[in-house]
Amino acid sequence: MNDHLLSQWEANAEAFAQLINGRGTPHHRKILNPCIHRLMGDVKGKKILDAGCGEGYLSRIYTEKGADVVGVDFSPKLIALSQKRSAGLDIEFLVADICQLDSLKDNQFDVVLCNLVLLNVECLDKSLHEFYRVLRPSGFLIFSVVHPAFNVYGPGYWEVGEKIKTTGRRKGKYFISDQYFTEKEFFVLWKSRKGDGFPQKFSFFHRTISTYVNQVINTGFRLMALEEPLPVEATEFFDRERRIPFFLVIKAEKP
Ligand SMILES: C[S@@+](CC[C@H](N)C(=O)[O-])C[C@H]1O[C@@H](n2cnc3c(N)ncnc32)[C@H](O)[C@@H]1O
C-alpha cells in the first residue's frame, strides 16, 4: 500500500535533507517550531517518539533539551541521514512505518511528536491508533499539518501580486480556497523560490480539519489544543503567513 509513497521519499531524501539543512526552514523556525516547543513543555527526562523523523533535526533538538528520543521513518535513506547528522548524540533511529509500528511496545512513550507527516500518509486512522497504543496513559500526541483550509499543496493557491524587493518573494493578493470537501491525494513537485527543489513528485493527502479532529477523538484521545501559529517575526517575508495560517497543530492526550 505504501510502496509508491516510500519510493517518493527515497527519491527525494537527499533534496529534503538539503532543504531542512539540519535545522529546519524559515517556516519551521519562525512559525511552526515555537508553537511545537510551547506545546511540548519541559521535555527533560521524557521519552519521545519522533514519528516520521525525516533527517532527524527535531530528534536532535529534544535530545539536547534532555529527552530520551526514538526517531522512526519508513525511508532507510532518511534514517541513514539522521544517524549521520546526529553522530555523537544518543538517539535511537529505526526504519519503521507509522501505519504499523510493530517494533515498538505498548504504553512506553510520554510524547509522540509527528511533525508534518500525517499529510503524507494514506493510513491516518491506523497511525493514530499506533500512536495511541505506544503512548502511556496521560501521555500526549502532538502533530502538525499544512493548514487544510488554506492548502497550497492541495486545492488552494495564491493569486500573486507585486514582487517584494528585499526577499524576491511575491506578495499575496488573495488566497483561493476551493474543493475543500474533496479529500484526495495530490501529487506535488516542490520547488523553492530559488528554483531548486525535489527530483520527484510526492503525495499530499488533503483532508478537512473535521476529519483530522474527529479521527483523533474517535481513536480515544482527548483534544487538548488546536493551534494555527502566526510567524514570530512580522517581516515582509511572512506577508502571506500573517494573513492566513500556514500550519495547523493539534495536541491530544491519551486518557
Ligand atoms: C515532510 S517530512 C517531515 C520530516 C520531519 N518530521 C520534519 O519535521 O522535518 C515527512 C516525513 O515522513 C516520512 N514518512 C512518510 N510516510 C511515512 C510512514 N508511513 N511511516 C514513517 N515515515 C513516513 C517521510 O519519509 C518523511 O521523512
# chains A, B, ... in the order shown; residues from 1 in each chain; ligands from 1
$ select_by_dssp --residues "region 14-251 of chain A" --states "strand (DSSP E)" --output "PyMOL selection string"
chain A and resi 47-51+68-73+92-95+109-115+135-146+157-163+170-176+184-188+202-206+222-227+247-251
$ residues_near_ligand --ligand "ligand 1" --cutoff "6 Å" --atoms "only C-alpha atoms and all ligand atoms" --output "list of chain:residue names"
A:Trp9, A:Gly52, A:Cys53, A:Gly54, A:Asp73, A:Phe74, A:Ser75, A:Ala96, A:Asp97, A:Ile98, A:Cys99, A:Asn115, A:Leu116, A:Val117, A:Asn120, A:Val121
$ residues_around --residues "region 241-248 of chain A" --least-positions-apart "3" --cutoff "10 Å" --atoms "only C-alpha atoms" --output "ChimeraX atom specification"
/A:27-28,31-32,116,143-152,172,174-175,209,226-238
$ write_last_selection --atoms "C-alpha atoms" --output "compact mmCIF listing (two decimals), in the first residue's frame"
# COMPACT_ATOMS: atom_id res chain seq x y z
CA HIS A 27 8.74 28.40 8.07
CA HIS A 28 9.73 25.76 10.61
CA ILE A 31 6.22 29.71 12.64
CA LEU A 32 5.87 26.05 13.49
CA LEU A 116 4.36 17.36 9.01
CA PHE A 143 1.06 16.58 15.26
CA SER A 144 1.19 19.28 12.62
CA VAL A 145 0.00 19.50 9.04
CA VAL A 146 -0.08 22.23 6.42
CA HIS A 147 -3.34 24.02 7.17
CA PRO A 148 -6.10 22.13 5.32
CA ALA A 149 -8.28 25.19 4.68
CA PHE A 150 -5.50 27.19 3.02
CA ASN A 151 -3.72 24.35 1.43
CA VAL A 152 -1.05 25.43 -1.02
CA GLY A 172 -0.17 37.50 -1.95
CA TYR A 174 -5.70 36.76 -2.02
CA PHE A 175 -5.92 33.03 -1.40
CA ILE A 209 -10.00 19.83 9.64
CA LEU A 226 -5.71 23.19 18.30
CA GLU A 227 -3.36 25.93 17.10
CA GLU A 228 -2.85 28.00 13.95
CA PRO A 229 0.56 29.55 14.70
CA LEU A 230 1.47 33.01 13.46
CA PRO A 231 5.03 33.87 12.45
CA VAL A 232 7.02 35.12 15.42
CA GLU A 233 8.53 37.80 13.15
CA ALA A 234 6.40 40.47 11.47
CA THR A 235 8.64 40.73 8.39
CA GLU A 236 7.70 41.13 4.73
CA PHE A 237 8.93 37.60 4.10
CA PHE A 238 5.92 36.34 6.04
$ closest_atom_pairs --of "region 80-174 of chain A" --to "region 59-63 of chain A" --cutoff "12 Å" --atoms "only C-alpha atoms" --output "tab-separated table"
residue	atom	partner	partner_atom	distance
A:Ser82	CA	A:Ser59	CA	8.9
A:Gln83	CA	A:Arg60	CA	10.3
A:Lys84	CA	A:Arg60	CA	11.7
A:Arg85	CA	A:Arg60	CA	8.9
A:Ser86	CA	A:Arg60	CA	6.6
A:Ala87	CA	A:Arg60	CA	10.0
A:Gly88	CA	A:Arg60	CA	10.4
A:Leu89	CA	A:Arg60	CA	7.5
A:Asp90	CA	A:Thr63	CA	7.6
A:Ile91	CA	A:Thr63	CA	7.2
A:Glu92	CA	A:Ser59	CA	9.4
A:Phe93	CA	A:Ser59	CA	9.2
A:Val111	CA	A:Tyr62	CA	11.2
A:Val112	CA	A:Ser59	CA	11.3
A:Leu113	CA	A:Ser59	CA	9.5
A:Cys114	CA	A:Ser59	CA	11.0
A:Asn115	CA	A:Ser59	CA	10.9
$ select_by_dssp --residues "region 36-192 of chain A" --states "helix (DSSP H, G or I)" --output "PDB file with C-alpha atoms, in the first residue's frame"
ATOM      1  CA  ILE A  36       5.543  22.945  18.971  1.00  0.00           C
ATOM      2  CA  HIS A  37       8.140  23.793  21.642  1.00  0.00           C
ATOM      3  CA  ARG A  38       5.489  25.572  23.747  1.00  0.00           C
ATOM      4  CA  LEU A  39       3.071  22.630  23.467  1.00  0.00           C
ATOM      5  CA  MET A  40       5.841  20.120  24.255  1.00  0.00           C
ATOM      6  CA  TYR A  57      16.532  17.625  13.391  1.00  0.00           C
ATOM      7  CA  LEU A  58      13.650  17.610  15.907  1.00  0.00           C
ATOM      8  CA  SER A  59      15.052  14.442  17.487  1.00  0.00           C
ATOM      9  CA  ARG A  60      18.327  16.314  17.960  1.00  0.00           C
ATOM     10  CA  ILE A  61      16.629  19.416  19.404  1.00  0.00           C
ATOM     11  CA  TYR A  62      14.706  17.393  22.010  1.00  0.00           C
ATOM     12  CA  THR A  63      17.691  15.175  22.854  1.00  0.00           C
ATOM     13  CA  GLU A  64      19.702  18.329  23.508  1.00  0.00           C
ATOM     14  CA  PRO A  76      16.048   3.927   5.009  1.00  0.00           C
ATOM     15  CA  LYS A  77      17.878   6.810   3.303  1.00  0.00           C
ATOM     16  CA  LEU A  78      16.448   9.376   5.726  1.00  0.00           C
ATOM     17  CA  ILE A  79      17.236   7.159   8.711  1.00  0.00           C
ATOM     18  CA  ALA A  80      20.828   6.841   7.459  1.00  0.00           C
ATOM     19  CA  LEU A  81      20.992  10.653   7.107  1.00  0.00           C
ATOM     20  CA  SER A  82      19.508  11.070  10.609  1.00  0.00           C
ATOM     21  CA  GLN A  83      22.180   8.801  12.052  1.00  0.00           C
ATOM     22  CA  LYS A  84      24.936  10.640  10.201  1.00  0.00           C
ATOM     23  CA  ARG A  85      23.710  14.098  11.222  1.00  0.00           C
ATOM     24  CA  LEU A 118       0.221  12.738   8.543  1.00  0.00           C
ATOM     25  CA  LEU A 119      -0.479  14.823   5.449  1.00  0.00           C
ATOM     26  CA  ASN A 120       1.840  12.470   3.549  1.00  0.00           C
ATOM     27  CA  LEU A 124      -4.273   8.332   9.063  1.00  0.00           C
ATOM     28  CA  ASP A 125      -6.579   6.091  11.074  1.00  0.00           C
ATOM     29  CA  LYS A 126      -4.011   3.306  11.596  1.00  0.00           C
ATOM     30  CA  SER A 127      -1.225   5.767  12.505  1.00  0.00           C
ATOM     31  CA  LEU A 128      -3.379   7.435  15.157  1.00  0.00           C
ATOM     32  CA  HIS A 129      -4.204   4.015  16.616  1.00  0.00           C
ATOM     33  CA  GLU A 130      -0.491   3.118  16.674  1.00  0.00           C
ATOM     34  CA  PHE A 131       0.359   6.409  18.402  1.00  0.00           C
ATOM     35  CA  TYR A 132      -2.363   5.742  20.970  1.00  0.00           C
ATOM     36  CA  ARG A 133      -1.048   2.218  21.566  1.00  0.00           C
ATOM     37  CA  VAL A 134       2.595   3.218  22.136  1.00  0.00           C
ATOM     38  CA  PRO A 148      -6.097  22.133   5.320  1.00  0.00           C
ATOM     39  CA  ALA A 149      -8.285  25.188   4.683  1.00  0.00           C
ATOM     40  CA  PHE A 150      -5.501  27.192   3.022  1.00  0.00           C
TER      41      PHE A 150
END
$ atom_distance --atom1 "CA of Leu5 (chain A)" --atom2 "CA of Val72 (chain A)"
15.7 Å
$ residues_around --residues "Pro137 (chain A)" --least-positions-apart "2" --cutoff "10 Å" --atoms "only C-alpha atoms" --output "mmCIF file with N, CA and C atoms, in the first residue's frame"
data_model
loop_
_atom_site.group_PDB
_atom_site.id
_atom_site.type_symbol
_atom_site.label_atom_id
_atom_site.label_comp_id
_atom_site.auth_asym_id
_atom_site.auth_seq_id
_atom_site.Cartn_x
_atom_site.Cartn_y
_atom_site.Cartn_z
ATOM 1 N N ASN A 107 2.359 1.348 25.436
ATOM 2 C CA ASN A 107 2.438 2.178 26.669
ATOM 3 C C ASN A 107 3.842 2.606 27.076
ATOM 4 N N GLN A 108 4.690 2.983 26.122
ATOM 5 C CA GLN A 108 6.072 3.281 26.543
ATOM 6 C C GLN A 108 6.477 4.746 26.380
ATOM 7 N N PHE A 109 5.771 5.541 25.575
ATOM 8 C CA PHE A 109 6.231 6.919 25.327
ATOM 9 C C PHE A 109 5.411 7.936 26.131
ATOM 10 N N ASP A 110 6.102 9.001 26.580
ATOM 11 C CA ASP A 110 5.402 10.126 27.216
ATOM 12 C C ASP A 110 4.790 11.031 26.142
ATOM 13 N N TYR A 132 -1.608 5.961 19.724
ATOM 14 C CA TYR A 132 -2.363 5.742 20.970
ATOM 15 C C TYR A 132 -1.805 4.524 21.715
ATOM 16 N N ARG A 133 -1.536 3.477 20.953
ATOM 17 C CA ARG A 133 -1.048 2.218 21.566
ATOM 18 C C ARG A 133 0.305 2.416 22.244
ATOM 19 N N VAL A 134 1.235 3.123 21.580
ATOM 20 C CA VAL A 134 2.595 3.218 22.136
ATOM 21 C C VAL A 134 2.713 4.286 23.227
ATOM 22 N N LEU A 135 1.709 5.185 23.329
ATOM 23 C CA LEU A 135 1.728 6.190 24.402
ATOM 24 C C LEU A 135 1.311 5.566 25.722
ATOM 25 N N GLY A 139 0.012 10.290 28.529
ATOM 26 C CA GLY A 139 0.970 10.778 27.531
ATOM 27 C C GLY A 139 0.205 11.538 26.450
ATOM 28 N N PHE A 140 0.934 12.320 25.641
ATOM 29 C CA PHE A 140 0.207 13.084 24.622
ATOM 30 C C PHE A 140 0.860 13.018 23.246
ATOM 31 N N GLU A 253 -4.382 14.137 24.330
ATOM 32 C CA GLU A 253 -3.891 13.266 25.398
ATOM 33 C C GLU A 253 -4.529 11.865 25.334
ATOM 34 N N LYS A 254 -3.732 10.863 25.678
ATOM 35 C CA LYS A 254 -4.306 9.522 25.884
ATOM 36 C C LYS A 254 -4.790 9.479 27.345
ATOM 37 N N PRO A 255 -6.075 9.400 27.580
ATOM 38 C CA PRO A 255 -6.570 9.492 28.967
ATOM 39 C C PRO A 255 -6.033 8.359 29.847
#
$ residues_around --residues "Val43 (chain A)" --least-positions-apart "5" --cutoff "8 Å" --atoms "only C-alpha atoms" --output "list of chain:residue names"
A:Tyr62, A:Lys65, A:Gly66, A:Ala67
$ write_last_selection --atoms "N, CA, C and O atoms" --output "mmCIF file, in the first residue's frame"
data_model
loop_
_atom_site.group_PDB
_atom_site.id
_atom_site.type_symbol
_atom_site.label_atom_id
_atom_site.label_comp_id
_atom_site.auth_asym_id
_atom_site.auth_seq_id
_atom_site.Cartn_x
_atom_site.Cartn_y
_atom_site.Cartn_z
ATOM 1 N N TYR A 62 15.272 17.857 20.731
ATOM 2 C CA TYR A 62 14.706 17.393 22.010
ATOM 3 C C TYR A 62 15.698 16.544 22.808
ATOM 4 O O TYR A 62 15.637 16.526 24.030
ATOM 5 N N LYS A 65 17.651 18.951 24.672
ATOM 6 C CA LYS A 65 16.885 19.511 25.798
ATOM 7 C C LYS A 65 16.704 18.477 26.922
ATOM 8 O O LYS A 65 15.929 18.699 27.846
ATOM 9 N N GLY A 66 17.307 17.295 26.777
ATOM 10 C CA GLY A 66 17.303 16.330 27.872
ATOM 11 C C GLY A 66 16.299 15.193 27.752
ATOM 12 O O GLY A 66 16.115 14.421 28.703
ATOM 13 N N ALA A 67 15.662 15.052 26.577
ATOM 14 C CA ALA A 67 14.704 13.948 26.404
ATOM 15 C C ALA A 67 15.420 12.695 25.894
ATOM 16 O O ALA A 67 16.533 12.765 25.367
#
$ closest_residue --among "A:Pro34, A:Gln18, A:Tyr212, A:Asp42" --to "Cys123 (chain A)" --atoms "only C-alpha atoms"
A:Tyr212
$ closest_residue --among "A:Thr208, A:Thr167, A:Gln200, A:Ser7" --to "Glu183 (chain A)" --atoms "only C-alpha atoms"
A:Thr208
$ residues_around --residues "Ser203 (chain A)" --least-positions-apart "4" --cutoff "8 Å" --atoms "only C-alpha atoms" --output "number ranges by chain"
A: 5, 8, 120, 185-188
$ write_last_selection --atoms "all heavy atoms" --output "mmCIF file, in the first residue's frame"
data_model
loop_
_atom_site.group_PDB
_atom_site.id
_atom_site.type_symbol
_atom_site.label_atom_id
_atom_site.label_comp_id
_atom_site.auth_asym_id
_atom_site.auth_seq_id
_atom_site.Cartn_x
_atom_site.Cartn_y
_atom_site.Cartn_z
ATOM 1 N N LEU A 5 4.557 5.631 -2.002
ATOM 2 C CA LEU A 5 4.885 6.711 -1.065
ATOM 3 C C LEU A 5 6.344 6.569 -0.616
ATOM 4 O O LEU A 5 7.091 7.545 -0.565
ATOM 5 C CB LEU A 5 3.937 6.674 0.138
ATOM 6 C CG LEU A 5 2.446 6.761 -0.217
ATOM 7 C CD1 LEU A 5 1.584 6.619 1.030
ATOM 8 C CD2 LEU A 5 2.128 8.076 -0.919
ATOM 9 N N GLN A 8 8.771 7.610 -3.314
ATOM 10 C CA GLN A 8 8.871 9.076 -3.439
ATOM 11 C C GLN A 8 9.865 9.632 -2.426
ATOM 12 O O GLN A 8 10.715 10.461 -2.746
ATOM 13 C CB GLN A 8 7.511 9.727 -3.157
ATOM 14 C CG GLN A 8 6.454 9.466 -4.204
ATOM 15 C CD GLN A 8 5.057 9.827 -3.689
ATOM 16 O OE1 GLN A 8 4.887 10.315 -2.578
ATOM 17 N NE2 GLN A 8 4.051 9.599 -4.510
ATOM 18 N N ASN A 120 1.187 13.265 4.582
ATOM 19 C CA ASN A 120 1.840 12.470 3.549
ATOM 20 C C ASN A 120 1.467 10.995 3.623
ATOM 21 O O ASN A 120 2.003 10.193 2.866
ATOM 22 C CB ASN A 120 3.372 12.587 3.650
ATOM 23 C CG ASN A 120 3.874 13.996 3.440
ATOM 24 O OD1 ASN A 120 4.624 14.528 4.248
ATOM 25 N ND2 ASN A 120 3.448 14.632 2.370
ATOM 26 N N GLU A 185 -5.756 12.526 -2.909
ATOM 27 C CA GLU A 185 -4.297 12.564 -2.975
ATOM 28 C C GLU A 185 -3.883 13.542 -4.070
ATOM 29 O O GLU A 185 -4.354 13.445 -5.202
ATOM 30 C CB GLU A 185 -3.794 11.148 -3.298
ATOM 31 C CG GLU A 185 -2.299 10.992 -3.370
ATOM 32 C CD GLU A 185 -1.899 9.519 -3.560
ATOM 33 O OE1 GLU A 185 -2.780 8.653 -3.748
ATOM 34 O OE2 GLU A 185 -0.679 9.243 -3.518
ATOM 35 N N PHE A 186 -3.014 14.482 -3.719
ATOM 36 C CA PHE A 186 -2.429 15.388 -4.705
ATOM 37 C C PHE A 186 -0.974 14.984 -4.911
ATOM 38 O O PHE A 186 -0.334 14.489 -3.982
ATOM 39 C CB PHE A 186 -2.458 16.837 -4.196
ATOM 40 C CG PHE A 186 -3.812 17.463 -4.267
ATOM 41 C CD1 PHE A 186 -4.749 17.224 -3.272
ATOM 42 C CD2 PHE A 186 -4.163 18.275 -5.326
ATOM 43 C CE1 PHE A 186 -6.011 17.786 -3.335
ATOM 44 C CE2 PHE A 186 -5.423 18.853 -5.396
ATOM 45 C CZ PHE A 186 -6.351 18.600 -4.396
ATOM 46 N N PHE A 187 -0.457 15.227 -6.106
ATOM 47 C CA PHE A 187 0.960 14.947 -6.379
ATOM 48 C C PHE A 187 1.658 16.285 -6.571
ATOM 49 O O PHE A 187 1.305 17.042 -7.482
ATOM 50 C CB PHE A 187 1.109 14.042 -7.602
ATOM 51 C CG PHE A 187 0.511 12.688 -7.366
ATOM 52 C CD1 PHE A 187 -0.813 12.421 -7.734
ATOM 53 C CD2 PHE A 187 1.238 11.689 -6.739
ATOM 54 C CE1 PHE A 187 -1.387 11.182 -7.483
ATOM 55 C CE2 PHE A 187 0.673 10.445 -6.488
ATOM 56 C CZ PHE A 187 -0.641 10.197 -6.858
ATOM 57 N N VAL A 188 2.610 16.561 -5.700
ATOM 58 C CA VAL A 188 3.224 17.887 -5.658
ATOM 59 C C VAL A 188 4.685 17.795 -6.075
ATOM 60 O O VAL A 188 5.426 16.952 -5.558
ATOM 61 C CB VAL A 188 3.182 18.430 -4.201
ATOM 62 C CG1 VAL A 188 3.831 19.799 -4.118
ATOM 63 C CG2 VAL A 188 1.759 18.461 -3.678
#
$ decode --residues "region 134-157 of chain A" --atoms "N, CA and C atoms" --output "PDB file, in the first residue's frame"
ATOM      1  N   VAL A 134       1.235   3.123  21.580  1.00  0.00           N
ATOM      2  CA  VAL A 134       2.595   3.218  22.136  1.00  0.00           C
ATOM      3  C   VAL A 134       2.713   4.286  23.227  1.00  0.00           C
ATOM      4  N   LEU A 135       1.709   5.185  23.329  1.00  0.00           N
ATOM      5  CA  LEU A 135       1.728   6.190  24.402  1.00  0.00           C
ATOM      6  C   LEU A 135       1.311   5.566  25.722  1.00  0.00           C
ATOM      7  N   ARG A 136       1.906   6.053  26.812  1.00  0.00           N
ATOM      8  CA  ARG A 136       1.443   5.618  28.134  1.00  0.00           C
ATOM      9  C   ARG A 136       0.203   6.452  28.481  1.00  0.00           C
ATOM     10  N   PRO A 137      -0.658   5.968  29.403  1.00  0.00           N
ATOM     11  CA  PRO A 137      -1.792   6.798  29.822  1.00  0.00           C
ATOM     12  C   PRO A 137      -1.281   8.146  30.346  1.00  0.00           C
ATOM     13  N   SER A 138      -1.984   9.213  30.013  1.00  0.00           N
ATOM     14  CA  SER A 138      -1.619  10.614  30.307  1.00  0.00           C
ATOM     15  C   SER A 138      -0.505  11.136  29.405  1.00  0.00           C
ATOM     16  N   GLY A 139       0.012  10.290  28.529  1.00  0.00           N
ATOM     17  CA  GLY A 139       0.970  10.778  27.531  1.00  0.00           C
ATOM     18  C   GLY A 139       0.205  11.538  26.450  1.00  0.00           C
ATOM     19  N   PHE A 140       0.934  12.320  25.641  1.00  0.00           N
ATOM     20  CA  PHE A 140       0.207  13.084  24.622  1.00  0.00           C
ATOM     21  C   PHE A 140       0.860  13.018  23.246  1.00  0.00           C
ATOM     22  N   LEU A 141       0.013  13.271  22.272  1.00  0.00           N
ATOM     23  CA  LEU A 141       0.413  13.322  20.867  1.00  0.00           C
ATOM     24  C   LEU A 141       0.397  14.778  20.422  1.00  0.00           C
ATOM     25  N   ILE A 142       1.440  15.195  19.693  1.00  0.00           N
ATOM     26  CA  ILE A 142       1.393  16.494  19.011  1.00  0.00           C
ATOM     27  C   ILE A 142       1.642  16.214  17.536  1.00  0.00           C
ATOM     28  N   PHE A 143       0.754  16.682  16.690  1.00  0.00           N
ATOM     29  CA  PHE A 143       1.060  16.582  15.258  1.00  0.00           C
ATOM     30  C   PHE A 143       0.729  17.880  14.540  1.00  0.00           C
ATOM     31  N   SER A 144       1.436  18.087  13.435  1.00  0.00           N
ATOM     32  CA  SER A 144       1.187  19.284  12.625  1.00  0.00           C
ATOM     33  C   SER A 144       0.979  18.864  11.178  1.00  0.00           C
ATOM     34  N   VAL A 145       0.187  19.673  10.492  1.00  0.00           N
ATOM     35  CA  VAL A 145      -0.001  19.502   9.043  1.00  0.00           C
ATOM     36  C   VAL A 145      -0.011  20.899   8.421  1.00  0.00           C
ATOM     37  N   VAL A 146       0.160  20.961   7.113  1.00  0.00           N
ATOM     38  CA  VAL A 146      -0.080  22.234   6.423  1.00  0.00           C
ATOM     39  C   VAL A 146      -1.579  22.493   6.547  1.00  0.00           C
ATOM     40  N   HIS A 147      -1.942  23.723   6.839  1.00  0.00           N
ATOM     41  CA  HIS A 147      -3.338  24.023   7.173  1.00  0.00           C
ATOM     42  C   HIS A 147      -4.300  23.586   6.058  1.00  0.00           C
ATOM     43  N   PRO A 148      -5.236  22.689   6.383  1.00  0.00           N
ATOM     44  CA  PRO A 148      -6.097  22.133   5.320  1.00  0.00           C
ATOM     45  C   PRO A 148      -7.005  23.151   4.621  1.00  0.00           C
ATOM     46  N   ALA A 149      -7.355  24.236   5.315  1.00  0.00           N
ATOM     47  CA  ALA A 149      -8.285  25.188   4.683  1.00  0.00           C
ATOM     48  C   ALA A 149      -7.579  26.121   3.702  1.00  0.00           C
ATOM     49  N   PHE A 150      -6.268  26.264   3.877  1.00  0.00           N
ATOM     50  CA  PHE A 150      -5.501  27.192   3.022  1.00  0.00           C
ATOM     51  C   PHE A 150      -4.315  26.414   2.461  1.00  0.00           C
ATOM     52  N   ASN A 151      -4.684  25.393   1.737  1.00  0.00           N
ATOM     53  CA  ASN A 151      -3.725  24.352   1.432  1.00  0.00           C
ATOM     54  C   ASN A 151      -3.015  24.596   0.101  1.00  0.00           C
ATOM     55  N   VAL A 152      -1.815  25.143   0.198  1.00  0.00           N
ATOM     56  CA  VAL A 152      -1.052  25.429  -1.025  1.00  0.00           C
ATOM     57  C   VAL A 152      -0.612  24.169  -1.759  1.00  0.00           C
ATOM     58  N   TYR A 153      -0.603  23.031  -1.061  1.00  0.00           N
ATOM     59  CA  TYR A 153      -0.211  21.775  -1.721  1.00  0.00           C
ATOM     60  C   TYR A 153      -1.437  20.955  -2.116  1.00  0.00           C
ATOM     61  N   GLY A 154      -2.610  21.529  -1.942  1.00  0.00           N
ATOM     62  CA  GLY A 154      -3.841  20.821  -2.286  1.00  0.00           C
ATOM     63  C   GLY A 154      -4.641  21.666  -3.255  1.00  0.00           C
ATOM     64  N   PRO A 155      -5.928  21.846  -2.947  1.00  0.00           N
ATOM     65  CA  PRO A 155      -6.788  22.514  -3.924  1.00  0.00           C
ATOM     66  C   PRO A 155      -6.705  24.042  -3.918  1.00  0.00           C
ATOM     67  N   GLY A 156      -5.922  24.649  -3.035  1.00  0.00           N
ATOM     68  CA  GLY A 156      -5.885  26.117  -2.960  1.00  0.00           C
ATOM     69  C   GLY A 156      -4.619  26.704  -3.550  1.00  0.00           C
ATOM     70  N   TYR A 157      -4.654  27.997  -3.829  1.00  0.00           N
ATOM     71  CA  TYR A 157      -3.443  28.668  -4.326  1.00  0.00           C
ATOM     72  C   TYR A 157      -3.563  30.174  -4.119  1.00  0.00           C
TER      73      TYR A 157
END
